[in-house]
>>> print(open('protein22.csv').read())   # CSV, C-alpha atoms
chain,number,residue,atom,x,y,z
A,15,MET,CA,-31.4,-32.2,-12.2
A,16,PRO,CA,-32.2,-31.1,-8.7
A,17,GLN,CA,-30.0,-28.4,-7.3
A,18,GLY,CA,-27.0,-29.6,-5.3
A,19,VAL,CA,-27.1,-33.1,-6.8
A,20,PRO,CA,-23.8,-33.9,-8.6
A,21,SER,CA,-24.4,-35.1,-12.2
A,22,VAL,CA,-21.8,-37.9,-11.9
A,23,ILE,CA,-20.8,-40.0,-8.9
A,24,PRO,CA,-17.1,-40.5,-9.4
A,25,ASP,CA,-15.5,-43.9,-8.9
A,26,ASP,CA,-12.7,-42.5,-6.8
A,27,GLY,CA,-13.2,-44.6,-3.6
A,28,LEU,CA,-14.0,-41.5,-1.6
A,29,THR,CA,-17.1,-41.0,0.6
A,30,THR,CA,-19.4,-38.1,-0.2
A,31,ARG,CA,-18.0,-36.4,2.9
A,32,ALA,CA,-14.4,-36.9,2.0
A,33,ARG,CA,-15.1,-35.7,-1.5
A,34,ARG,CA,-17.0,-32.7,-0.3
A,35,ASN,CA,-14.0,-31.6,1.8
A,36,GLN,CA,-11.5,-31.8,-1.0
A,37,PRO,CA,-9.8,-28.5,-1.4
A,38,VAL,CA,-10.8,-26.5,-4.4
A,39,LEU,CA,-8.6,-24.9,-7.0
A,40,ALA,CA,-10.6,-22.1,-8.7
A,41,VAL,CA,-9.5,-20.0,-11.7
A,42,HIS,CA,-11.3,-16.8,-12.7
A,43,THR,CA,-10.2,-15.7,-16.1
A,44,GLY,CA,-11.5,-13.9,-19.2
A,45,ASP,CA,-11.5,-10.2,-20.3
A,46,GLY,CA,-14.6,-9.2,-18.3
A,47,LYS,CA,-15.0,-7.6,-14.9
A,48,GLY,CA,-15.4,-9.4,-11.6
A,49,LYS,CA,-12.5,-11.9,-11.6
A,50,SER,CA,-10.7,-10.4,-8.6
A,51,THR,CA,-14.0,-9.1,-7.0
A,52,ALA,CA,-15.5,-12.6,-7.1
A,53,ALA,CA,-12.4,-14.0,-5.5
A,54,PHE,CA,-12.5,-11.4,-2.7
A,55,GLY,CA,-16.2,-12.2,-2.3
A,56,MET,CA,-15.3,-15.9,-1.9
A,57,ALA,CA,-12.8,-14.7,0.7
A,58,MET,CA,-15.6,-13.2,2.7
A,59,ARG,CA,-17.3,-16.6,2.7
A,60,ALA,CA,-14.1,-18.3,3.7
A,61,TRP,CA,-13.7,-15.7,6.5
A,62,ASN,CA,-17.1,-16.5,7.8
A,63,ALA,CA,-16.4,-20.2,7.7
A,64,GLY,CA,-13.3,-19.6,9.8
A,65,LEU,CA,-10.8,-20.4,7.1
A,66,ASP,CA,-7.4,-18.6,7.5
A,67,ILE,CA,-7.0,-16.3,4.5
A,68,GLY,CA,-3.9,-15.2,2.7
A,69,VAL,CA,-4.2,-12.8,-0.2
A,70,PHE,CA,-1.2,-12.3,-2.6
A,71,GLN,CA,-1.5,-9.6,-5.2
A,72,PHE,CA,0.9,-9.9,-8.1
A,73,VAL,CA,0.4,-6.8,-10.2
A,74,LYS,CA,-1.6,-4.0,-8.7
A,75,SER,CA,0.5,-1.0,-7.6
A,76,ALA,CA,0.9,-0.5,-3.9
A,77,LYS,CA,-0.7,2.9,-4.4
A,78,TRP,CA,-3.8,1.3,-5.7
A,79,LYS,CA,-5.5,0.6,-2.4
A,80,VAL,CA,-8.5,-1.4,-3.3
A,81,GLY,CA,-11.6,-1.3,-1.2
A,82,GLU,CA,-11.6,-5.0,-0.8
A,83,GLU,CA,-8.3,-4.8,1.0
A,84,SER,CA,-9.6,-2.3,3.5
A,85,ALA,CA,-12.8,-4.4,4.0
A,86,LEU,CA,-11.1,-7.8,4.4
A,87,THR,CA,-8.3,-6.5,6.6
A,88,ALA,CA,-11.0,-4.9,8.7
A,89,LEU,CA,-12.6,-8.3,9.0
A,90,GLY,CA,-9.2,-9.7,10.0
A,91,ARG,CA,-8.9,-7.2,12.8
A,92,LEU,CA,-12.5,-8.0,13.9
A,93,HIS,CA,-11.4,-11.6,14.2
A,94,GLU,CA,-8.5,-10.6,16.4
A,95,GLU,CA,-10.8,-8.5,18.6
A,96,THR,CA,-13.9,-10.7,18.8
A,97,GLY,CA,-13.0,-14.2,17.5
A,98,GLN,CA,-15.6,-13.9,14.8
A,99,GLY,CA,-14.5,-15.2,11.4
A,100,ALA,CA,-10.8,-15.9,10.7
A,101,PRO,CA,-7.4,-14.2,10.3
A,102,VAL,CA,-6.7,-12.3,7.1
A,103,GLN,CA,-3.3,-11.5,5.7
A,104,TRP,CA,-2.9,-9.3,2.6
A,105,HIS,CA,0.4,-9.1,0.7
A,106,LYS,CA,1.2,-7.0,-2.3
A,107,MET,CA,4.1,-7.3,-4.7
A,108,GLY,CA,3.7,-3.6,-5.7
A,109,GLU,CA,5.1,-2.3,-2.5
A,110,GLY,CA,7.6,-5.1,-2.1
A,111,TRP,CA,6.5,-8.3,-0.3
A,112,SER,CA,6.3,-7.6,3.4
A,113,TRP,CA,8.4,-10.6,4.3
A,114,ILE,CA,11.4,-9.5,2.3
A,115,ARG,CA,14.1,-7.3,3.8
A,116,HIS,CA,15.0,-4.6,1.4
A,117,ALA,CA,18.7,-3.9,1.2
A,118,GLY,CA,18.1,-0.8,-0.9
A,119,GLY,CA,17.9,-0.7,-4.6
A,120,GLU,CA,15.0,-1.7,-6.8
A,121,THR,CA,14.1,-5.4,-7.2
A,122,GLU,CA,13.1,-6.2,-10.7
A,123,HIS,CA,9.5,-7.2,-11.2
A,124,ALA,CA,10.4,-10.6,-12.5
A,125,GLU,CA,12.5,-11.3,-9.4
A,126,GLN,CA,9.7,-9.9,-7.1
A,127,ALA,CA,7.2,-12.2,-8.8
A,128,ALA,CA,9.5,-15.2,-8.3
A,129,GLN,CA,10.0,-14.3,-4.6
A,130,GLY,CA,6.2,-14.1,-4.2
A,131,TRP,CA,5.7,-17.6,-5.6
A,132,ALA,CA,8.6,-19.0,-3.6
A,133,GLU,CA,6.9,-17.7,-0.4
A,134,ILE,CA,3.4,-19.0,-1.4
A,135,ARG,CA,5.0,-22.4,-2.2
A,136,ARG,CA,6.5,-22.5,1.3
A,137,ARG,CA,3.2,-21.6,2.8
A,138,ILE,CA,1.3,-24.2,0.8
A,139,ILE,CA,3.8,-26.9,1.9
A,140,ASP,CA,3.6,-25.7,5.5
A,141,GLN,CA,-0.3,-25.4,5.2
A,142,THR,CA,-0.1,-21.8,6.6
A,143,HIS,CA,-3.5,-20.7,5.2
A,144,GLN,CA,-6.7,-22.5,4.3
A,145,PHE,CA,-7.9,-20.0,1.6
A,146,TYR,CA,-5.4,-18.4,-0.8
A,147,VAL,CA,-6.2,-15.7,-3.3
A,148,LEU,CA,-3.4,-15.4,-5.9
A,149,ASP,CA,-4.6,-12.2,-7.6
A,150,GLU,CA,-3.5,-11.3,-11.1
A,151,PHE,CA,-1.2,-14.4,-10.9
A,152,THR,CA,-1.7,-15.4,-14.6
A,153,TYR,CA,0.4,-12.4,-15.7
A,154,PRO,CA,3.8,-13.5,-14.2
A,155,LEU,CA,2.9,-17.0,-15.4
A,156,ASN,CA,2.4,-15.8,-19.0
A,157,TRP,CA,5.4,-13.6,-18.9
A,158,GLY,CA,7.6,-16.6,-17.9
A,159,TRP,CA,8.6,-15.1,-14.6
A,160,ILE,CA,7.1,-18.0,-12.7
A,161,ASP,CA,7.2,-21.6,-14.0
A,162,VAL,CA,3.6,-22.8,-14.6
A,163,ASP,CA,4.7,-26.5,-14.3
A,164,ASP,CA,6.1,-25.9,-10.9
A,165,VAL,CA,2.9,-24.1,-9.8
A,166,VAL,CA,0.7,-26.9,-11.1
A,167,GLU,CA,2.9,-29.5,-9.3
A,168,VAL,CA,2.8,-27.7,-6.0
A,169,LEU,CA,-1.0,-27.1,-6.3
A,170,ARG,CA,-1.7,-30.7,-7.2
A,171,ALA,CA,0.4,-32.0,-4.3
A,172,ARG,CA,-0.9,-29.6,-1.7
A,173,GLU,CA,-2.1,-31.4,1.5
A,174,GLY,CA,-4.8,-30.7,4.0
A,175,ARG,CA,-7.6,-28.3,3.3
A,176,GLN,CA,-6.2,-25.5,1.3
A,177,HIS,CA,-8.4,-23.8,-1.2
A,178,VAL,CA,-6.8,-21.7,-3.9
A,179,VAL,CA,-8.3,-19.0,-6.1
A,180,ILE,CA,-6.3,-17.7,-9.0
A,181,THR,CA,-7.3,-14.6,-11.1
A,182,GLY,CA,-6.2,-13.0,-14.3
A,183,ARG,CA,-6.7,-13.0,-18.0
A,184,ARG,CA,-5.4,-15.7,-20.3
A,185,ALA,CA,-4.9,-18.4,-17.7
A,186,PRO,CA,-2.4,-21.0,-19.0
A,187,ALA,CA,-3.9,-24.3,-20.2
A,188,ALA,CA,-1.9,-26.3,-17.7
A,189,LEU,CA,-3.4,-24.3,-14.9
A,190,LEU,CA,-6.9,-24.7,-16.3
A,191,ASP,CA,-6.4,-28.4,-16.6
A,192,ALA,CA,-5.5,-28.6,-12.9
A,193,ALA,CA,-8.5,-26.5,-11.8
A,194,ASP,CA,-11.7,-27.8,-10.3
A,195,LEU,CA,-13.6,-24.7,-11.0
A,196,VAL,CA,-13.0,-22.4,-14.0
A,197,THR,CA,-15.2,-19.3,-14.6
A,198,GLU,CA,-14.7,-17.1,-17.5
A,199,MET,CA,-15.8,-13.5,-17.0
A,200,VAL,CA,-17.0,-12.2,-20.4
A,201,LYS,CA,-17.2,-8.5,-21.0
A,202,THR,CA,-20.5,-7.6,-22.6
A,203,ARG,CA,-20.6,-3.9,-21.9
A,204,HIS,CA,-18.4,-1.6,-19.8
A,205,PRO,CA,-18.8,2.1,-18.8
A,206,MET,CA,-15.4,2.9,-20.3
A,207,ASP,CA,-16.8,2.1,-23.7
A,208,ALA,CA,-19.2,5.0,-23.2
A,209,GLY,CA,-16.4,7.3,-22.2
A,210,ARG,CA,-16.6,7.1,-18.5
A,211,LYS,CA,-13.6,6.7,-16.2
A,212,GLY,CA,-13.6,4.5,-13.2
A,213,GLN,CA,-14.9,5.7,-9.9
A,214,ARG,CA,-14.2,5.0,-6.2
A,215,GLY,CA,-16.5,2.5,-4.7
A,216,ILE,CA,-17.2,0.9,-8.1
A,217,GLU,CA,-13.8,0.3,-9.8
A,218,TRP,CA,-11.7,0.2,-6.7
B,12,MET,CA,-5.1,1.6,-25.2
B,13,PRO,CA,-3.5,2.7,-21.8
B,14,GLN,CA,-5.4,1.4,-18.8
B,15,GLY,CA,-8.1,3.7,-17.5
B,16,VAL,CA,-8.4,5.8,-20.7
B,17,PRO,CA,-11.9,5.6,-22.2
B,18,SER,CA,-12.0,4.5,-25.8
B,19,VAL,CA,-14.6,7.1,-26.7
B,20,ILE,CA,-15.2,10.6,-25.4
B,21,PRO,CA,-19.0,11.0,-25.5
B,22,ASP,CA,-20.6,14.2,-26.8
B,23,ASP,CA,-22.9,14.4,-23.8
B,24,GLY,CA,-22.1,17.9,-22.5
B,25,LEU,CA,-20.7,16.5,-19.2
B,26,THR,CA,-17.3,17.2,-17.7
B,27,THR,CA,-15.1,14.2,-17.1
B,28,ARG,CA,-15.8,14.6,-13.4
B,29,ALA,CA,-19.6,14.7,-13.8
B,30,ARG,CA,-19.4,11.7,-16.1
B,31,ARG,CA,-17.1,9.9,-13.6
B,32,ASN,CA,-19.7,10.3,-10.9
B,33,GLN,CA,-22.7,9.0,-12.9
B,34,PRO,CA,-24.2,6.2,-11.0
B,35,VAL,CA,-23.6,2.7,-12.4
B,36,LEU,CA,-26.2,0.0,-13.2
B,37,ALA,CA,-24.4,-3.3,-13.4
B,38,VAL,CA,-25.8,-6.7,-14.4
B,39,HIS,CA,-24.1,-10.0,-13.6
B,40,THR,CA,-25.7,-12.7,-15.6
B,41,GLY,CA,-24.8,-16.0,-17.3
B,42,ASP,CA,-24.8,-19.6,-16.1
B,43,GLY,CA,-21.3,-19.5,-14.4
B,44,LYS,CA,-20.3,-18.9,-10.8
B,45,GLY,CA,-19.5,-15.6,-9.3
B,46,LYS,CA,-22.5,-13.4,-10.2
B,47,SER,CA,-23.6,-12.8,-6.6
B,48,THR,CA,-20.1,-13.2,-5.2
B,49,ALA,CA,-18.7,-10.4,-7.4
B,50,ALA,CA,-21.7,-8.2,-6.5
B,51,PHE,CA,-20.9,-8.7,-2.8
B,52,GLY,CA,-17.2,-8.1,-3.5
B,53,MET,CA,-18.3,-4.8,-5.1
B,54,ALA,CA,-20.3,-4.0,-2.0
B,55,MET,CA,-17.1,-4.4,0.0
B,56,ARG,CA,-15.5,-1.7,-2.1
B,57,ALA,CA,-18.6,0.5,-1.8
B,58,TRP,CA,-18.5,0.0,2.0
B,59,ASN,CA,-14.9,1.2,2.0
B,60,ALA,CA,-15.8,4.2,-0.1
B,61,GLY,CA,-18.5,5.2,2.5
B,62,LEU,CA,-21.5,4.3,0.3
B,63,ASP,CA,-24.6,3.3,2.2
B,64,ILE,CA,-25.4,-0.3,1.2
B,65,GLY,CA,-28.7,-2.0,0.8
B,66,VAL,CA,-28.8,-5.7,-0.2
B,67,PHE,CA,-32.1,-7.3,-1.3
B,68,GLN,CA,-32.1,-11.1,-1.9
B,69,PHE,CA,-35.0,-12.3,-4.0
B,70,VAL,CA,-34.7,-16.1,-4.0
B,71,LYS,CA,-32.4,-17.6,-1.5
B,72,SER,CA,-34.0,-19.4,1.4
B,73,ALA,CA,-33.8,-17.6,4.7
B,74,LYS,CA,-32.2,-20.8,6.0
B,75,TRP,CA,-29.4,-20.3,3.5
B,76,LYS,CA,-27.2,-18.0,5.5
B,77,VAL,CA,-24.5,-17.0,3.1
B,78,GLY,CA,-21.0,-16.1,4.4
B,79,GLU,CA,-21.2,-12.8,2.6
B,80,GLU,CA,-24.1,-11.8,4.7
B,81,SER,CA,-22.3,-12.5,7.9
B,82,ALA,CA,-19.2,-10.7,6.6
B,83,LEU,CA,-21.0,-7.6,5.2
B,84,THR,CA,-23.3,-7.2,8.2
B,85,ALA,CA,-20.1,-7.5,10.4
B,86,LEU,CA,-18.7,-4.6,8.4
B,87,GLY,CA,-21.9,-2.7,9.0
B,88,ARG,CA,-21.6,-3.2,12.7
B,89,LEU,CA,-18.0,-2.1,12.5
B,90,HIS,CA,-19.2,1.1,10.9
B,91,GLU,CA,-21.7,1.7,13.8
B,92,GLU,CA,-18.9,1.2,16.3
B,93,THR,CA,-16.0,2.9,14.7
B,94,GLY,CA,-17.3,5.1,11.9
B,95,GLN,CA,-15.1,3.2,9.3
B,96,GLY,CA,-16.9,2.3,6.1
B,97,ALA,CA,-20.6,2.7,5.7
B,98,PRO,CA,-23.9,1.3,7.0
B,99,VAL,CA,-25.1,-2.1,5.6
B,100,GLN,CA,-28.6,-3.4,5.5
B,101,TRP,CA,-29.4,-6.9,4.3
B,102,HIS,CA,-32.9,-7.9,3.5
B,103,LYS,CA,-34.2,-11.4,2.4
B,104,MET,CA,-37.4,-12.3,0.7
B,105,GLY,CA,-37.0,-15.9,2.0
B,106,GLU,CA,-37.8,-15.0,5.6
B,107,GLY,CA,-40.3,-12.4,4.7
B,108,TRP,CA,-39.0,-8.8,4.2
B,109,SER,CA,-38.2,-7.3,7.5
B,110,TRP,CA,-40.2,-4.1,6.8
B,111,ILE,CA,-43.5,-6.1,6.4
B,112,ARG,CA,-45.7,-6.8,9.3
B,113,HIS,CA,-46.9,-10.4,9.1
B,114,ALA,CA,-50.6,-10.8,9.9
B,115,GLY,CA,-50.3,-14.6,10.0
B,116,GLY,CA,-50.7,-16.8,7.0
B,117,GLU,CA,-48.3,-17.4,4.1
B,118,THR,CA,-47.6,-14.7,1.6
B,119,GLU,CA,-47.2,-16.1,-1.9
B,120,HIS,CA,-43.8,-15.8,-3.5
B,121,ALA,CA,-45.1,-13.7,-6.4
B,122,GLU,CA,-46.7,-11.2,-3.9
B,123,GLN,CA,-43.5,-11.2,-1.8
B,124,ALA,CA,-41.4,-10.4,-4.8
B,125,ALA,CA,-43.7,-7.6,-5.8
B,126,GLN,CA,-43.5,-6.2,-2.2
B,127,GLY,CA,-39.8,-6.4,-2.4
B,128,TRP,CA,-39.6,-4.3,-5.6
B,129,ALA,CA,-42.2,-1.8,-4.3
B,130,GLU,CA,-40.0,-1.1,-1.3
B,131,ILE,CA,-36.8,-0.8,-3.4
B,132,ARG,CA,-38.7,1.5,-5.7
B,133,ARG,CA,-39.6,3.7,-2.7
B,134,ARG,CA,-36.0,3.7,-1.5
B,135,ILE,CA,-34.6,4.6,-4.9
B,136,ILE,CA,-37.0,7.5,-5.1
B,137,ASP,CA,-36.1,8.6,-1.6
B,138,GLN,CA,-32.3,8.0,-2.3
B,139,THR,CA,-32.1,5.8,0.8
B,140,HIS,CA,-29.0,3.9,-0.2
B,141,GLN,CA,-26.0,4.6,-2.5
B,142,PHE,CA,-25.2,1.0,-3.4
B,143,TYR,CA,-28.0,-1.5,-4.0
B,144,VAL,CA,-27.5,-5.2,-4.6
B,145,LEU,CA,-30.7,-6.8,-6.1
B,146,ASP,CA,-29.6,-10.4,-5.8
B,147,GLU,CA,-31.3,-13.1,-8.0
B,148,PHE,CA,-33.6,-10.3,-9.2
B,149,THR,CA,-33.8,-11.6,-12.8
B,150,TYR,CA,-35.9,-14.6,-11.7
B,151,PRO,CA,-39.0,-12.7,-10.5
B,152,LEU,CA,-38.6,-10.5,-13.6
B,153,ASN,CA,-38.6,-13.5,-15.9
B,154,TRP,CA,-41.5,-15.2,-14.1
B,155,GLY,CA,-43.6,-12.0,-14.6
B,156,TRP,CA,-43.9,-11.3,-10.9
B,157,ILE,CA,-42.3,-7.9,-11.3
B,158,ASP,CA,-42.8,-5.7,-14.4
B,159,VAL,CA,-39.4,-5.2,-16.1
B,160,ASP,CA,-40.6,-2.0,-17.8
B,161,ASP,CA,-41.4,-0.5,-14.5
B,162,VAL,CA,-38.0,-1.5,-13.1
B,163,VAL,CA,-36.1,0.0,-16.1
B,164,GLU,CA,-38.1,3.2,-15.9
B,165,VAL,CA,-37.4,3.6,-12.2
B,166,LEU,CA,-33.7,2.8,-12.7
B,167,ARG,CA,-33.3,5.1,-15.6
B,168,ALA,CA,-35.0,8.0,-13.7
B,169,ARG,CA,-33.1,7.5,-10.4
B,170,GLU,CA,-31.5,10.6,-9.1
B,171,GLY,CA,-28.3,11.4,-7.1
B,172,ARG,CA,-25.6,8.8,-6.7
B,173,GLN,CA,-27.2,5.5,-6.5
B,174,HIS,CA,-25.3,2.5,-7.9
B,175,VAL,CA,-27.3,-0.7,-8.6
B,176,VAL,CA,-26.0,-4.2,-9.2
B,177,ILE,CA,-28.5,-6.8,-10.3
B,178,THR,CA,-27.6,-10.5,-10.5
B,179,GLY,CA,-29.2,-13.7,-11.9
B,180,ARG,CA,-29.4,-15.9,-15.0
B,181,ARG,CA,-31.1,-14.8,-18.2
B,182,ALA,CA,-31.3,-11.1,-17.6
B,183,PRO,CA,-34.1,-9.6,-19.7
B,184,ALA,CA,-33.1,-7.7,-22.8
B,185,ALA,CA,-34.7,-4.4,-21.6
B,186,LEU,CA,-32.6,-4.6,-18.4
B,187,LEU,CA,-29.4,-5.3,-20.3
B,188,ASP,CA,-30.2,-2.3,-22.6
B,189,ALA,CA,-30.4,-0.1,-19.6
B,190,ALA,CA,-27.2,-1.3,-17.9
B,191,ASP,CA,-23.9,0.5,-18.0
B,192,LEU,CA,-21.9,-2.7,-17.2
B,193,VAL,CA,-22.9,-6.2,-18.1
B,194,THR,CA,-20.7,-9.2,-17.3
B,195,GLU,CA,-21.6,-12.7,-18.3
B,196,MET,CA,-20.2,-15.4,-16.0
B,197,VAL,CA,-19.6,-18.4,-18.2
B,198,LYS,CA,-19.2,-21.8,-16.6
B,199,THR,CA,-16.2,-23.6,-17.9
B,200,ARG,CA,-15.8,-26.2,-15.3
B,201,HIS,CA,-17.5,-26.8,-11.9
B,202,PRO,CA,-16.7,-29.3,-9.1
B,203,MET,CA,-20.2,-30.7,-9.2
B,204,ASP,CA,-19.5,-32.0,-12.7
B,205,ALA,CA,-16.9,-34.2,-11.0
B,206,GLY,CA,-19.4,-35.4,-8.5
B,207,ARG,CA,-18.5,-33.1,-5.6
B,208,LYS,CA,-21.1,-31.4,-3.5
B,209,GLY,CA,-20.8,-27.8,-2.3
B,210,GLN,CA,-18.9,-27.0,0.8
B,211,ARG,CA,-19.0,-24.3,3.4
B,212,GLY,CA,-16.6,-21.5,2.8
B,213,ILE,CA,-16.6,-22.1,-0.9
B,214,GLU,CA,-20.2,-22.5,-2.0
B,215,TRP,CA,-21.8,-20.4,0.7
>>> encode(input="protein22.csv", output="structure tokens")
Amino acid sequence: MPQGVPSVIPDDGLTTRARRNQPVLAVHTGDGKGKSTAAFGMAMRAWNAGLDIGVFQFVKSAKWKVGEESALTALGRLHEETGQGAPVQWHKMGEGWSWIRHAGGETEHAEQAAQGWAEIRRRIIDQTHQFYVLDEFTYPLNWGWIDVDDVVEVLRAREGRQHVVITGRRAPAALLDAADLVTEMVKTRHPMDAGRKGQRGIEW
Amino acid sequence: MPQGVPSVIPDDGLTTRARRNQPVLAVHTGDGKGKSTAAFGMAMRAWNAGLDIGVFQFVKSAKWKVGEESALTALGRLHEETGQGAPVQWHKMGEGWSWIRHAGGETEHAEQAAQGWAEIRRRIIDQTHQFYVLDEFTYPLNWGWIDVDDVVEVLRAREGRQHVVITGRRAPAALLDAADLVTEMVKTRHPMDAGRKGQRGIEW
């Protein structure tokens, strides 16, 4: 099969162009490396294509400042200054979502996760962004903190051109069923198996 | 096992710190998506950690201007202007390697690939970069255009702190044996199966 030629032409009444522009729901799952990293790599592409980017991290500690965050937010500032690329917003549950006023006291993780999804839900309905990364989103789904049926319903009904990439191990079946693109990252060998710890620039 | 704790403490005479700073050879292989994208995502981390980056693309046509190239070279320019991050060089076989003077006439692909590896070899010996992406490098290896034993020998003997990420399907066994980190990207579902063509910001 020549590269770039679909194996099936679907009987969906869409033109090739309309079908090409359908928004993509991608899921990166599996126990291997690269699930989040590939999602952030896709965000670089999206930035270059001028798609407004919103990243929502559901698990990583706020203290865990990943290199991708620095690089992508630097690209976002570059857009503000020069017009190249697209805006980039980066939100983390670990430090309390930036849009929530904290009245003191700790918010439980389950409640924080629910608040995160409620905001993403609003943004998808408002078509706020064109490229969403929901990083480590499978965990609150699996722990029952966020209702997977609600997520699938909102994603299936999303309008306009809103691409969504979801990362995390053990993606729920209902989410996989809704996805256009599923990649499983399989761990074949990892330096930690050989007694090495992670290092800056490689692991974060 | 707590996160970040190695499963085995090797008897290699190294301190944890020395072991942590060993350079990594990573291979992204398999038929799924995300091999190159995850490598470029890692390059974002490396940029943020101040590691000098050299990307060498072995197959993609020069006309195929990927979004990651625009984004990473923008980050490289940002480094030149502000000092943030690190330098980024991006070289493509498809348009003729930039360091080769063209005396007119077409160079064969096999010869171009060999020239690409010869240059990377020199750079690894000179410790020119600290983070190399050899994108789609498994193809010239598999086609016999570049000798895999020579590659493995140069990679095993490399000095200093030089991380290398190699991408492509069907990575040769000798390369996998030399790698510290191997991830196989497994295709579970792809939009092209449903008759969609690729689109800008998602596929490139």
>>> closest_residue(input="protein22.csv", among="A:Tyr146, A:Phe70, A:Trp61, A:Trp111", to="Gln98 of chain A", atoms="all atoms listed in the file")
A:Trp61
>>> closest_residue(input="protein22.csv", among="A:Leu189, A:Val196, A:Met107, A:Leu169", to="Gly43 of chain B", atoms="all atoms listed in the file")
A:Val196
>>> closest_residue(input="protein22.csv", among="A:Arg170, A:Arg59, A:Lys106, A:Arg135", to="chain B", atoms="all atoms listed in the file")
A:Arg59
>>> residues_near_point(input="protein22.csv", point="(8.2, -12.5, 1.7)", cutoff="10 Å", atoms="all atoms listed in the file", output="list in words")
His105, Lys106, Met107, Gly110, Trp111, Ser112, Trp113, Ile114, Arg115, Gln126, Gln129, Gly130, Trp131, Ala132, Glu133 and Ile134 of chain A
>>> closest_residue(input="protein22.csv", among="A:Ile180, A:Leu148, A:Ala128, A:Val102", to="Ser84 of chain A", atoms="only C-alpha atoms")
A:Val102
>>> atom_distance(input="protein22.csv", atom1="atom CA of Val179 of chain A", atom2="atom CA of Thr194 of chain B")
19.4 Å
>>> residues_around(input="protein22.csv", residues="Val70 of chain B", least_positions_apart="2", cutoff="8 Å", atoms="only C-alpha atoms", output="PyMOL selection string")
chain B and resi 68+72+103-105+146-148+150
>>> atom_distance(input="protein22.csv", atom1="atom CA of Met58 of chain A", atom2="atom CA of Ala57 of chain B")
14.7 Å
>>> closest_residue(input="protein22.csv", among="B:Gln173, B:Ser47, B:Thr149, B:Thr139", to="chain A", atoms="all atoms listed in the file")
B:Ser47
>>> residues_around(input="protein22.csv", residues="segment 162-164 of chain A", least_positions_apart="5", cutoff="8 Å", atoms="all atoms listed in the file", output="list in words")
Leu155, Pro186, Ala188 and Leu189 of chain A
>>> write_last_selection(input="protein22.csv", atoms="C-alpha atoms", output="compact mmCIF listing (two decimals), in the frame of the given file")
# COMPACT_ATOMS: atom_id res chain seq x y z
CA LEU A 155 2.90 -17.00 -15.40
CA PRO A 186 -2.40 -21.00 -19.00
CA ALA A 188 -1.90 -26.30 -17.70
CA LEU A 189 -3.40 -24.30 -14.90
>>> closest_residue(input="protein22.csv", among="A:Glu122, A:Glu94, A:Asp194, A:Glu173", to="chain B", atoms="all atoms listed in the file")
A:Asp194
>>> atom_distance(input="protein22.csv", atom1="atom CA of Ala127 of chain A", atom2="atom CA of Trp104 of chain A")
15.5 Å
>>> decode(input="protein22.csv", residues="segment 124-132 of chain A", atoms="N, CA, C and O atoms", output="short mmCIF file (atom, residue, chain, number, x, y, z; two decimals), in the first residue's frame")
data_model
loop_
_atom_site.label_atom_id
_atom_site.label_comp_id
_atom_site.auth_asym_id
_atom_site.auth_seq_id
_atom_site.Cartn_x
_atom_site.Cartn_y
_atom_site.Cartn_z
N ALA A 124 -9.02 13.82 44.63
CA ALA A 124 -10.18 13.41 43.83
C ALA A 124 -10.98 14.64 43.41
O ALA A 124 -11.42 14.76 42.26
N GLU A 125 -11.12 15.58 44.35
CA GLU A 125 -11.86 16.81 44.06
C GLU A 125 -11.10 17.67 43.04
O GLU A 125 -11.69 18.23 42.11
N GLN A 126 -9.78 17.73 43.20
CA GLN A 126 -8.96 18.48 42.24
C GLN A 126 -9.09 17.90 40.84
O GLN A 126 -9.18 18.63 39.85
N ALA A 127 -9.07 16.58 40.75
CA ALA A 127 -9.18 15.93 39.44
C ALA A 127 -10.53 16.27 38.81
O ALA A 127 -10.62 16.61 37.62
N ALA A 128 -11.60 16.21 39.62
CA ALA A 128 -12.94 16.52 39.12
C ALA A 128 -13.02 17.98 38.65
O ALA A 128 -13.62 18.29 37.62
N GLN A 129 -12.37 18.87 39.41
CA GLN A 129 -12.34 20.28 39.01
C GLN A 129 -11.60 20.46 37.68
O GLN A 129 -11.97 21.29 36.85
N GLY A 130 -10.54 19.69 37.53
CA GLY A 130 -9.77 19.76 36.29
C GLY A 130 -10.62 19.36 35.09
O GLY A 130 -10.68 20.06 34.08
N TRP A 131 -11.31 18.24 35.21
CA TRP A 131 -12.15 17.78 34.11
C TRP A 131 -13.31 18.75 33.85
O TRP A 131 -13.65 19.03 32.69
N ALA A 132 -13.90 19.30 34.92
CA ALA A 132 -15.01 20.26 34.75
C ALA A 132 -14.56 21.45 33.90
O ALA A 132 -15.30 21.93 33.03
#
